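One file, work-v9.txt, carrying compact mmCIF, C-alpha atoms and all ligand atoms:
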```
# COMPACT_ATOMS: atom_id res chain seq x y z
CA MET Z 1 0.00 0.00 0.00
CA ARG Z 2 1.23 3.52 -0.83
CA ALA Z 3 1.83 6.04 1.94
CA ALA Z 4 -1.04 8.25 0.77
CA GLU Z 5 -3.53 5.40 1.25
CA GLN Z 6 -2.66 4.45 4.85
CA PRO Z 7 -5.75 3.42 6.79
CA ARG Z 8 -7.01 5.68 9.54
CA ALA Z 9 -8.10 4.43 12.93
CA SER Z 10 -11.76 3.43 12.84
CA ARG Z 11 -12.56 5.81 15.72
CA ASP Z 12 -11.70 8.75 13.41
CA VAL Z 13 -14.20 7.73 10.76
CA PRO Z 14 -17.63 9.42 10.84
CA CYS Z 15 -20.49 6.96 11.33
CA ILE Z 16 -24.14 7.98 11.08
CA ARG Z 17 -27.09 5.90 12.10
CA LEU Z 18 -29.88 5.96 9.49
CA PRO Z 19 -32.46 7.27 9.12
CA ARG Z 20 -30.79 10.52 10.16
CA GLY Z 21 -32.21 12.25 13.17
CA GLN Z 22 -33.85 9.12 14.63
CA THR Z 23 -31.64 8.04 17.50
CA ARG Z 24 -33.92 5.16 18.52
CA SER Z 25 -34.40 3.61 15.10
CA SER Z 26 -34.52 -0.19 15.22
CA SER Z 27 -33.22 -0.60 11.69
CA HIS Z 28 -29.47 -0.95 12.38
CA VAL Z 29 -28.44 0.82 9.21
CA PHE Z 30 -25.15 2.70 9.38
CA GLU Z 31 -23.39 5.02 6.97
CA ILE Z 32 -19.62 5.09 7.45
CA GLN Z 33 -18.20 8.04 5.58
CA GLY Z 34 -15.05 8.40 3.52
CA VAL Z 35 -13.43 4.99 4.00
CA LEU Z 36 -11.95 4.94 0.49
CA SER Z 37 -10.18 7.97 -0.98
CA ALA Z 38 -11.45 9.61 -4.17
CA SER Z 39 -8.35 8.54 -6.11
CA ALA Z 40 -8.70 4.91 -4.97
CA CYS Z 41 -12.39 5.00 -5.92
CA ASP Z 42 -11.52 6.30 -9.39
CA ARG Z 43 -8.92 3.55 -9.86
CA ALA Z 44 -11.43 0.90 -8.84
CA ARG Z 45 -14.17 2.46 -10.99
CA ASP Z 46 -11.94 2.45 -14.09
CA ALA Z 47 -10.89 -1.17 -13.49
CA VAL Z 48 -14.51 -2.29 -12.96
CA ASN Z 49 -15.70 -0.45 -16.08
CA GLU Z 50 -12.95 -2.11 -18.10
CA ALA Z 51 -13.84 -5.58 -16.79
CA PHE Z 52 -17.55 -4.98 -17.33
CA ASP Z 53 -17.09 -3.73 -20.89
CA ALA Z 54 -14.90 -6.74 -21.66
CA GLY Z 55 -17.65 -9.05 -20.40
CA ARG Z 56 -15.70 -10.27 -17.36
CA THR Z 57 -18.84 -10.45 -15.24
CA THR Z 58 -20.57 -13.00 -13.06
CA ASP Z 59 -24.10 -13.23 -11.70
CA ARG Z 60 -25.31 -14.41 -8.34
CA GLY Z 61 -26.91 -17.43 -9.89
CA VAL Z 62 -30.31 -16.62 -8.45
CA SER Z 63 -33.34 -14.63 -9.39
CA LEU Z 64 -31.79 -11.19 -9.03
CA PRO Z 65 -30.68 -9.99 -12.46
CA THR Z 66 -27.33 -8.47 -11.47
CA GLN Z 67 -24.15 -8.49 -13.53
CA ASP Z 68 -21.27 -8.24 -11.10
CA VAL Z 69 -17.49 -7.93 -11.35
CA MET Z 70 -15.52 -9.92 -8.78
CA VAL Z 71 -13.14 -7.78 -6.70
CA SER Z 72 -10.63 -10.63 -7.03
CA SER Z 73 -10.48 -9.93 -10.78
CA LEU Z 74 -9.35 -6.31 -10.26
CA PRO Z 75 -5.69 -5.17 -10.11
CA GLN Z 76 -4.02 -6.11 -6.80
CA ARG Z 77 -3.74 -2.49 -5.72
CA CYS Z 78 -7.51 -2.00 -6.04
CA GLN Z 79 -8.16 -5.22 -4.13
CA ASP Z 80 -5.87 -4.10 -1.29
CA GLU Z 81 -7.43 -0.65 -1.08
CA ILE Z 82 -10.98 -2.01 -1.06
CA LYS Z 83 -10.09 -4.55 1.63
CA VAL Z 84 -8.69 -1.85 3.92
CA ALA Z 85 -11.77 0.32 3.31
CA LEU Z 86 -14.25 -2.45 4.11
CA GLU Z 87 -12.33 -3.42 7.24
CA LEU Z 88 -12.28 0.19 8.34
CA ALA Z 89 -16.05 0.46 7.86
CA ALA Z 90 -16.66 -2.81 9.67
CA GLY Z 91 -14.38 -1.75 12.52
CA ARG Z 92 -16.21 1.53 12.87
CA VAL Z 93 -19.62 -0.10 13.05
CA SER Z 94 -18.36 -2.55 15.68
CA ARG Z 95 -17.73 0.41 17.94
CA GLU Z 96 -21.47 1.06 17.83
CA LEU Z 97 -22.35 -2.57 18.58
CA PRO Z 98 -20.04 -3.87 21.28
CA GLY Z 99 -19.59 -7.62 21.69
CA VAL Z 100 -19.96 -8.49 18.03
CA THR Z 101 -17.62 -8.59 15.05
CA LEU Z 102 -18.22 -9.44 11.42
CA GLU Z 103 -16.24 -11.94 9.39
CA PHE Z 104 -16.11 -11.55 5.65
CA ALA Z 105 -14.07 -13.13 2.89
CA MET Z 106 -12.60 -10.73 0.35
CA SER Z 107 -12.57 -13.59 -2.17
CA ARG Z 108 -16.36 -13.29 -2.22
CA ALA Z 109 -16.57 -9.51 -2.57
CA PHE Z 110 -18.02 -8.29 -5.85
CA VAL Z 111 -18.97 -5.02 -7.51
CA ILE Z 112 -22.58 -4.49 -8.57
CA VAL Z 113 -22.76 -2.61 -11.86
CA TYR Z 114 -25.91 -0.62 -12.53
CA ASP Z 115 -25.98 0.86 -16.01
CA ALA Z 116 -28.61 3.32 -17.22
CA LYS Z 117 -28.81 1.44 -20.53
CA ARG Z 118 -29.04 -2.00 -18.92
CA GLN Z 119 -29.90 -2.92 -15.35
CA LYS Z 120 -30.86 0.32 -13.62
CA GLY Z 121 -31.79 -0.91 -10.14
CA LEU Z 122 -32.82 -3.87 -8.04
CA LYS Z 123 -36.29 -4.70 -6.79
CA LYS Z 124 -37.22 -5.17 -3.15
CA HIS Z 125 -35.54 -8.14 -1.44
CA THR Z 126 -33.56 -9.34 1.55
CA ASP Z 127 -30.05 -10.77 1.22
CA GLY Z 128 -29.39 -14.41 1.95
CA ARG Z 129 -26.65 -14.34 4.59
CA LYS Z 130 -28.43 -15.54 7.71
CA GLU Z 131 -27.88 -13.33 10.75
CA GLY Z 132 -25.22 -11.47 8.83
CA ALA Z 133 -24.60 -8.00 7.56
CA THR Z 134 -24.32 -6.54 4.08
CA LEU Z 135 -21.60 -3.95 3.38
CA LEU Z 136 -22.03 -1.71 0.31
CA LEU Z 137 -19.20 0.67 -0.66
CA LEU Z 138 -19.89 3.29 -3.35
CA ILE Z 139 -17.02 3.67 -5.84
CA SER Z 140 -18.62 5.84 -8.52
CA LYS Z 141 -19.53 9.44 -7.84
CA PRO Z 142 -23.12 10.72 -7.64
CA GLN Z 143 -23.90 13.45 -10.23
CA ARG Z 144 -20.55 12.94 -12.00
CA ASP Z 145 -20.66 9.19 -12.82
CA PHE Z 146 -24.39 8.57 -12.41
CA VAL Z 147 -27.68 10.29 -11.59
CA GLY Z 148 -30.40 8.75 -9.41
CA GLY Z 149 -29.93 5.53 -7.44
CA GLY Z 150 -29.64 4.92 -3.70
CA THR Z 151 -30.72 2.15 -1.36
CA ARG Z 152 -34.29 2.22 -0.01
CA PHE Z 153 -34.97 0.40 3.26
CA PHE Z 154 -38.28 -0.95 4.55
CA PRO Z 155 -37.95 -1.46 8.33
CA GLY Z 156 -41.37 -3.10 8.65
CA GLY Z 157 -42.26 -1.75 12.10
CA ILE Z 158 -45.77 -0.36 12.49
CA LEU Z 159 -44.63 3.22 12.94
CA GLU Z 160 -41.51 3.05 10.78
CA SER Z 161 -41.58 4.35 7.25
CA SER Z 162 -39.16 3.52 4.48
CA PHE Z 163 -36.04 5.63 4.14
CA ASP Z 164 -33.22 6.06 1.63
CA ALA Z 165 -29.46 5.85 2.02
CA LYS Z 166 -27.49 7.88 -0.49
CA PRO Z 167 -23.87 7.68 0.60
CA GLY Z 168 -21.19 9.77 -1.05
CA LEU Z 169 -18.21 8.51 -3.02
CA GLY Z 170 -16.03 6.20 -0.91
CA SER Z 171 -18.63 5.78 1.84
CA THR Z 172 -20.16 2.51 3.02
CA ILE Z 173 -23.56 1.46 4.30
CA VAL Z 174 -23.90 -1.56 6.58
CA PHE Z 175 -27.20 -3.28 7.42
CA PRO Z 176 -28.64 -6.64 8.51
CA SER Z 177 -28.65 -8.96 5.49
CA ASP Z 178 -31.62 -11.20 6.05
CA THR Z 179 -34.06 -9.22 8.15
CA LEU Z 180 -34.24 -5.85 6.48
CA GLN Z 181 -35.95 -5.49 3.13
CA HIS Z 182 -34.33 -3.07 0.72
CA GLU Z 183 -34.15 -2.16 -2.94
CA GLY Z 184 -31.70 -0.49 -5.32
CA LEU Z 185 -33.38 2.65 -6.67
CA PRO Z 186 -33.05 3.01 -10.44
CA ILE Z 187 -30.43 5.29 -11.94
CA LYS Z 188 -31.26 7.73 -14.74
CA ARG Z 189 -27.81 8.19 -16.23
CA GLY Z 190 -24.33 6.63 -16.17
CA ARG Z 191 -23.10 3.78 -13.99
CA ARG Z 192 -23.52 3.25 -10.28
CA LEU Z 193 -20.86 0.90 -8.90
CA LEU Z 194 -21.12 -0.65 -5.44
CA VAL Z 195 -18.69 -3.04 -3.82
CA CYS Z 196 -20.74 -5.63 -1.95
CA VAL Z 197 -19.70 -8.19 0.62
CA PHE Z 198 -21.84 -10.32 2.92
CA ALA Z 199 -20.44 -10.77 6.41
CA THR Z 200 -21.15 -13.20 9.22
CA LYS Z 201 -21.86 -12.01 12.73
CA LYS Z 202 -19.51 -13.33 15.43
CA GLN Z 203 -19.80 -12.83 19.18
CA ILE Z 204 -16.56 -11.76 20.85
CA SER Z 205 -15.39 -11.83 24.45
CA ALA Z 206 -14.58 -8.74 26.51
CA THR Z 207 -10.85 -9.55 26.27
CA GLU Z 208 -10.89 -9.73 22.50
CA GLU Z 209 -12.88 -6.56 22.39
CA ALA Z 210 -10.23 -4.73 24.42
CA ALA Z 211 -7.50 -5.65 21.89
CA PRO Z 212 -5.62 -2.79 20.19
CA GLU Z 213 -7.10 -1.08 17.16
CA ALA Z 214 -4.25 -2.03 14.79
CA ASP Z 215 -5.10 -5.71 15.27
CA ALA Z 216 -8.68 -5.04 14.41
CA ILE Z 217 -7.74 -3.50 11.09
CA GLU Z 218 -5.06 -5.95 9.98
CA ASP Z 219 -6.16 -9.35 11.22
CA LYS Z 220 -9.47 -9.32 12.93
CA PRO Z 221 -12.61 -10.20 11.12
CA ALA Z 222 -14.76 -7.18 10.63
CA PRO Z 223 -17.66 -6.25 13.03
CA ILE Z 224 -21.69 -6.24 13.77
CA LEU Z 225 -25.41 -6.48 13.85
CA ASP Z 226 -27.83 -7.89 16.31
CA SER Z 227 -31.18 -8.34 14.67
CA PRO Z 228 -33.28 -11.47 15.14
CA ALA Z 229 -33.15 -13.68 12.07
CA PRO Z 230 -36.19 -15.51 10.73
CA ASP Z 231 -35.55 -18.91 9.14
CA ILE Z 232 -35.67 -18.20 5.42
CA SER Z 233 -33.59 -21.15 4.24
CA HIS Z 234 -36.56 -22.60 2.37
CA LEU Z 235 -36.69 -19.47 0.22
CA ARG Z 236 -33.10 -19.41 -0.92
CA GLY Z 237 -31.90 -19.83 -4.48
CA LYS Z 238 -29.61 -22.67 -5.52
CA ALA Z 239 -27.37 -21.81 -8.41
CA CYS Z 240 -24.00 -20.79 -6.93
CA ASP Z 241 -20.97 -23.11 -6.96
CA ASP Z 242 -20.66 -24.03 -3.31
CA ARG Z 243 -23.15 -24.08 -0.49
CA ALA Z 244 -21.74 -21.14 1.44
CA LEU Z 245 -21.56 -18.98 -1.63
CA ALA Z 246 -25.06 -19.94 -2.66
CA GLN Z 247 -26.38 -19.00 0.75
CA GLU Z 248 -24.81 -15.58 0.84
CA CYS Z 249 -25.55 -14.78 -2.78
CA ALA Z 250 -29.15 -15.82 -2.71
CA CYS Z 251 -31.56 -12.96 -2.35
CA VAL Z 252 -35.17 -13.39 -1.44
CA ILE Z 253 -37.67 -11.51 -3.53
CA SER Z 254 -40.55 -10.26 -1.50
O1 LIG F 1 -28.36 -0.98 -5.10
C1 LIG F 1 -28.39 -0.96 -3.89
O2 LIG F 1 -28.23 0.07 -3.26
C2 LIG F 1 -28.66 -2.24 -3.13
C3 LIG F 1 -27.92 -3.42 -3.65
C4 LIG F 1 -28.41 -4.69 -3.03
O3 LIG F 1 -29.30 -4.69 -2.24
C5 LIG F 1 -27.81 -5.98 -3.37
O4 LIG F 1 -26.95 -6.00 -4.24
O5 LIG F 1 -28.20 -7.01 -2.77
FE FE F 2 -29.47 -6.60 -1.28
```

As structure tokens, please, write out the structure in this file.
Amino acid sequence: MRAAEQPRASRDVPCIRLPRGQTRSSSHVFEIQGVLSASACDRARDAVNEAFDAGRTTDRGVSLPTQDVMVSSLPQRCQDEIKVALELAAGRVSRELPGVTLEFAMSRAFVIVYDAKRQKGLKKHTDGRKEGATLLLLISKPQRDFVGGGTRFFPGGILESSFDAKPGLGSTIVFPSDTLQHEGLPIKRGRRLLVCVFATKKQISATEEAAPEADAIEDKPAPILDSPAPDISHLRGKACDDRALAQECACVIS
């Protein structure tokens, strides 16, 4: 990693609970701002566009019509920068939810490509990773690279209305994968690129929790969420290569 891209401590990274202004929201949606620099985002965006245009895409093998680019197919520098950014975001969220960390495998991270001339958005669904969290990192810039888009959440509580997350370039949103319905709002122009990884929740002891920050960034699995998880295994898709991948890729259409 170059000197200019050194990770910051997670405590220095702004983290906002969504929807804004509702301190007691039960939705567990967080926006962690500025975890990937603008130059690193642009590098990743260019590499993803190149892969996408060359047809180096995959799908999740289930009913959602996404065309994704695997992070593992990007140049090593982009992979390293994205890994640090996701770990920083995960570490920051863990500070909000003590006692829990998230584990995620970078080998399974992918970039969702929305294109105004092709797939513009994603209909309402929940993600398949049971009791896990979804991390979405925006690597193309609103208004410059695309217009429209955003993630709409449907908390489902009697008094809770839907709300939208529209993070800026290099920011990440984190939310419970299997309990919170959401959709990708359609874009009107350009390409909206989102790095996506599904993480597993892990309980940690007080001793582990007290470990130094540097460990958390370099070695520790990333952090979070504590929502109850309904059993939705009967609804999952079945087309990914291995069982674990199929489970985390599968999205449930509501
Ligand atoms: O487009 C978005 O903001 C949401 C993406 C999403 O929900 C997914 O890829 O599973
Ligand atoms: Fe999703």

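Separating atom CA of Phe110 of chain Z from atom CA of Phe154 of chain Z is a distance of 23.9 Å.
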
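Take atom CA of Ser72 of chain Z and atom CA of Glu87 of chain Z: the distance between them is 16.1 Å.
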
Note to self: Could you list, as a list of chain:residue names, all protein and nucleic acid residues with an atom at most 8 Å from ligand FE 2 (chain F), counting all atoms listed in the file?
What the structure shows: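 Residues lying within 8 Å of ligand FE 2 (chain F): Z:His125, Z:Thr126, Z:Asp127, Z:Thr134, Z:Ser177, Z:Gln181, Z:His182, Z:Glu183, Z:Gly184, Z:Cys251.
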
Next item on the list: Have a look at Z:Gly128, Z:Pro98, Z:Pro142, Z:Gly21 and name the one nearest to ligand LIG 1 (chain F); count only C-alpha atoms and all ligand atoms.
Entry: Z:Gly128

Check: For ligand LIG 1 (chain F), which residue among Z:Gln33, Z:Ser73, Z:Ser10, Z:Thr66 is the nearest when counting all atoms listed in the file?
Finding: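 Smallest separation from ligand LIG 1 (chain F) among the options: Z:Thr66.
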
Margin query: So the first atom is atom C3 of ligand LIG 1 (chain F) and the second is atom CA of Pro186 of chain Z; what is the distance between them in Å, to one decimal place?
Written below: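 According to the coordinates, atom C3 of ligand LIG 1 (chain F) and atom CA of Pro186 of chain Z are separated by 10.7 Å.
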
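Candidate residues Z:Lys83, Z:Arg129, Z:His28, Z:Lys117 were compared for distance to ligand LIG 1 (chain F), and the nearest is Z:Arg129, using all atoms listed in the file.
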
Next item on the list: Between Z:Gly150, Z:Gly55, Z:Pro155, Z:Pro19, single out the one closest to Leu137 of chain Z, counting all atoms listed in the file.
Entry: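 So, comparing all the options, the nearest one is Z:Gly150.
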
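Among the candidate residues Z:Gly148, Z:Gly34, Z:Pro14, Z:Gly156, the one lying nearest to ligand LIG 1 (chain F) is Z:Gly148, with distances computed using only C-alpha atoms and all ligand atoms.
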
Notebook entry, point to check: Which is closest to Pro167 of chain Z among Z:Lys188, Z:Phe104, Z:Ser39, Z:Ile139, if we use all atoms listed in the file?
Noted result: Z:Ile139

Note to self: Set the distance at 8 Å and use all atoms listed in the file: which residues neighbour Arg45 of chain Z once local chain neighbours fewer than 2 positions away are removed? I'd like the list as a list in words.
What the structure shows: Cys41, Asp42, Arg43, Ala47, Val48, Asn49, Ile139, Ser140 and Leu193 of chain Z

Just-selected residues, C-alpha atoms written as a PDB file, in the frame of the given file:
```
ATOM      1  CA  CYS Z  41     -12.390   5.000  -5.920  1.00  0.00           C
ATOM      2  CA  ASP Z  42     -11.520   6.300  -9.390  1.00  0.00           C
ATOM      3  CA  ARG Z  43      -8.920   3.550  -9.860  1.00  0.00           C
ATOM      4  CA  ALA Z  47     -10.890  -1.170 -13.490  1.00  0.00           C
ATOM      5  CA  VAL Z  48     -14.510  -2.290 -12.960  1.00  0.00           C
ATOM      6  CA  ASN Z  49     -15.700  -0.450 -16.080  1.00  0.00           C
ATOM      7  CA  ILE Z 139     -17.020   3.670  -5.840  1.00  0.00           C
ATOM      8  CA  SER Z 140     -18.620   5.840  -8.520  1.00  0.00           C
ATOM      9  CA  LEU Z 193     -20.860   0.900  -8.900  1.00  0.00           C
TER      10      LEU Z 193
END
```

Item checked: Selection: 10 Å around Val111 of chain Z, only C-alpha atoms, excl. self and same-chain fewer than 4 positions, as a PyMOL selection string -> chain Z and resi 44-45+48+52+57-58+66-71+136-139+192-197

Can you write out the residues you just picked, keeping C-alpha atoms, as a PDB file, in the frame of the given file?
```pdb
ATOM      1  CA  ALA Z  44     -11.430   0.900  -8.840  1.00  0.00           C
ATOM      2  CA  ARG Z  45     -14.170   2.460 -10.990  1.00  0.00           C
ATOM      3  CA  VAL Z  48     -14.510  -2.290 -12.960  1.00  0.00           C
ATOM      4  CA  PHE Z  52     -17.550  -4.980 -17.330  1.00  0.00           C
ATOM      5  CA  THR Z  57     -18.840 -10.450 -15.240  1.00  0.00           C
ATOM      6  CA  THR Z  58     -20.570 -13.000 -13.060  1.00  0.00           C
ATOM      7  CA  THR Z  66     -27.330  -8.470 -11.470  1.00  0.00           C
ATOM      8  CA  GLN Z  67     -24.150  -8.490 -13.530  1.00  0.00           C
ATOM      9  CA  ASP Z  68     -21.270  -8.240 -11.100  1.00  0.00           C
ATOM     10  CA  VAL Z  69     -17.490  -7.930 -11.350  1.00  0.00           C
ATOM     11  CA  MET Z  70     -15.520  -9.920  -8.780  1.00  0.00           C
ATOM     12  CA  VAL Z  71     -13.140  -7.780  -6.700  1.00  0.00           C
ATOM     13  CA  LEU Z 136     -22.030  -1.710   0.310  1.00  0.00           C
ATOM     14  CA  LEU Z 137     -19.200   0.670  -0.660  1.00  0.00           C
ATOM     15  CA  LEU Z 138     -19.890   3.290  -3.350  1.00  0.00           C
ATOM     16  CA  ILE Z 139     -17.020   3.670  -5.840  1.00  0.00           C
ATOM     17  CA  ARG Z 192     -23.520   3.250 -10.280  1.00  0.00           C
ATOM     18  CA  LEU Z 193     -20.860   0.900  -8.900  1.00  0.00           C
ATOM     19  CA  LEU Z 194     -21.120  -0.650  -5.440  1.00  0.00           C
ATOM     20  CA  VAL Z 195     -18.690  -3.040  -3.820  1.00  0.00           C
ATOM     21  CA  CYS Z 196     -20.740  -5.630  -1.950  1.00  0.00           C
ATOM     22  CA  VAL Z 197     -19.700  -8.190   0.620  1.00  0.00           C
TER      23      VAL Z 197
END
```
